[in-house]
Amino acid sequence: MGEGHRRRRHQGQLAVICIDDLSALAFHDRRAGCAKAVLHQDAAVQISVFRVRPGSGVPLHRHSLVSDFFMGVKGEVELRWDGGHFTLKPNAFIDMPPGVWHEVWNRGEQEGFFLLVHAPFENFDFEEQTVV
């Protein structure tokens with residue numbers, strides 16, 4: 001195994017994990033077919049990896065004060081927002097500013113993984129759009 005596959009501790013921080021070994025992450029279900037592994041969290045930022053199974057996703061929502069920075073890791077997911085859409089593939093990224101309604105779906109046949117940075121995290125909110 002290469003150096004990136006070894007887990008190490010550095011000054012009391014979380015173990016270093018190679019992004020190629022996604023099975024080493026502790027995913028927790030957020031909703032059916034969508035799980036999250038938090039890598040780091042403080043008042044300034046939350047950094048996590050999401051796993052989205054085919055046919056699953058995060059419904060239309062927004063954050064009033066928080067930006068979402070998405071970076072594709074493995075597979076593909078589709079992001080949609082106020083009149084736009086983007087297929088997030090490995091190494092591609094998109095920054096979603098506060099206040100923009102957006103959703104994330106996996107319309108493919110394989111799991112999709114992406115890195116998500118919420119900043120600032122201190123005032124994190126999640127307003128899901130309700131259908132009346």
# chains A, B, ... in the order shown; residues from 1 in each chain; ligands from 1

$ residues_around --residues "Val49 (chain A)" --least-positions-apart "3" --cutoff "10 Å" --atoms "only C-alpha atoms" --output "JSON, numbers by chain"
{"A": [19, 22, 25, 26, 27, 35, 36, 37, 38, 39, 52, 70, 71, 72, 73, 113, 114, 115, 116, 117]}

$ select_by_dssp --residues "region 8-132 of chain A" --states "strand (DSSP E or B)" --output "ChimeraX atom specification"
/A:28-31,34-41,46-52,57-62,67-74,77-81,84-88,90,93-96,102-105,112-119,127-128

$ atom_distance --atom1 "CA of Pro54 (chain A)" --atom2 "CA of Glu111 (chain A)"
5.9 Å

$ decode --residues "region 113-131 of chain A" --atoms "N, CA and C atoms" --output "PDB file, in the first residue's frame"
ATOM      1  N   PHE A 113     -20.136  10.101  -4.893  1.00  0.00           N
ATOM      2  CA  PHE A 113     -19.509  10.643  -3.689  1.00  0.00           C
ATOM      3  C   PHE A 113     -19.028  12.053  -3.982  1.00  0.00           C
ATOM      4  N   PHE A 114     -19.247  12.955  -3.039  1.00  0.00           N
ATOM      5  CA  PHE A 114     -18.713  14.302  -3.193  1.00  0.00           C
ATOM      6  C   PHE A 114     -18.296  14.863  -1.842  1.00  0.00           C
ATOM      7  N   LEU A 115     -17.296  15.737  -1.893  1.00  0.00           N
ATOM      8  CA  LEU A 115     -16.847  16.481  -0.731  1.00  0.00           C
ATOM      9  C   LEU A 115     -17.718  17.721  -0.634  1.00  0.00           C
ATOM     10  N   LEU A 116     -18.200  18.036   0.564  1.00  0.00           N
ATOM     11  CA  LEU A 116     -19.032  19.217   0.762  1.00  0.00           C
ATOM     12  C   LEU A 116     -18.464  20.048   1.900  1.00  0.00           C
ATOM     13  N   VAL A 117     -18.263  21.336   1.624  1.00  0.00           N
ATOM     14  CA  VAL A 117     -17.790  22.278   2.638  1.00  0.00           C
ATOM     15  C   VAL A 117     -18.909  23.282   2.891  1.00  0.00           C
ATOM     16  N   HIS A 118     -19.387  23.347   4.137  1.00  0.00           N
ATOM     17  CA  HIS A 118     -20.358  24.359   4.564  1.00  0.00           C
ATOM     18  C   HIS A 118     -19.572  25.456   5.276  1.00  0.00           C
ATOM     19  N   ALA A 119     -19.704  26.705   4.830  1.00  0.00           N
ATOM     20  CA  ALA A 119     -18.990  27.797   5.499  1.00  0.00           C
ATOM     21  C   ALA A 119     -19.775  29.098   5.377  1.00  0.00           C
ATOM     22  N   PRO A 120     -19.852  29.884   6.429  1.00  0.00           N
ATOM     23  CA  PRO A 120     -19.451  29.537   7.799  1.00  0.00           C
ATOM     24  C   PRO A 120     -20.455  28.553   8.400  1.00  0.00           C
ATOM     25  N   PHE A 121     -19.989  27.638   9.229  1.00  0.00           N
ATOM     26  CA  PHE A 121     -20.876  26.614   9.765  1.00  0.00           C
ATOM     27  C   PHE A 121     -21.625  27.079  11.013  1.00  0.00           C
ATOM     28  N   GLU A 122     -21.099  28.064  11.687  1.00  0.00           N
ATOM     29  CA  GLU A 122     -21.678  28.540  12.944  1.00  0.00           C
ATOM     30  C   GLU A 122     -23.173  28.859  12.825  1.00  0.00           C
ATOM     31  N   ASN A 123     -23.597  29.409  11.702  1.00  0.00           N
ATOM     32  CA  ASN A 123     -25.003  29.776  11.503  1.00  0.00           C
ATOM     33  C   ASN A 123     -25.714  28.853  10.516  1.00  0.00           C
ATOM     34  N   PHE A 124     -25.309  27.581  10.476  1.00  0.00           N
ATOM     35  CA  PHE A 124     -25.881  26.642   9.518  1.00  0.00           C
ATOM     36  C   PHE A 124     -27.388  26.507   9.717  1.00  0.00           C
ATOM     37  N   ASP A 125     -28.108  26.581   8.608  1.00  0.00           N
ATOM     38  CA  ASP A 125     -29.537  26.307   8.607  1.00  0.00           C
ATOM     39  C   ASP A 125     -29.867  25.538   7.332  1.00  0.00           C
ATOM     40  N   PHE A 126     -30.959  24.814   7.360  1.00  0.00           N
ATOM     41  CA  PHE A 126     -31.379  23.991   6.228  1.00  0.00           C
ATOM     42  C   PHE A 126     -32.876  24.193   6.082  1.00  0.00           C
ATOM     43  N   GLU A 127     -33.260  24.967   5.081  1.00  0.00           N
ATOM     44  CA  GLU A 127     -34.678  25.230   4.834  1.00  0.00           C
ATOM     45  C   GLU A 127     -35.105  24.429   3.615  1.00  0.00           C
ATOM     46  N   GLU A 128     -35.906  23.400   3.851  1.00  0.00           N
ATOM     47  CA  GLU A 128     -36.375  22.556   2.756  1.00  0.00           C
ATOM     48  C   GLU A 128     -37.635  23.166   2.162  1.00  0.00           C
ATOM     49  N   GLN A 129     -37.712  23.170   0.838  1.00  0.00           N
ATOM     50  CA  GLN A 129     -38.893  23.721   0.183  1.00  0.00           C
ATOM     51  C   GLN A 129     -40.045  22.740   0.341  1.00  0.00           C
ATOM     52  N   THR A 130     -41.171  23.235   0.784  1.00  0.00           N
ATOM     53  CA  THR A 130     -42.342  22.383   0.961  1.00  0.00           C
ATOM     54  C   THR A 130     -43.307  22.605  -0.191  1.00  0.00           C
ATOM     55  N   VAL A 131     -43.922  21.533  -0.610  1.00  0.00           N
ATOM     56  CA  VAL A 131     -44.902  21.592  -1.691  1.00  0.00           C
ATOM     57  C   VAL A 131     -46.275  21.728  -1.051  1.00  0.00           C
TER      58      VAL A 131
END
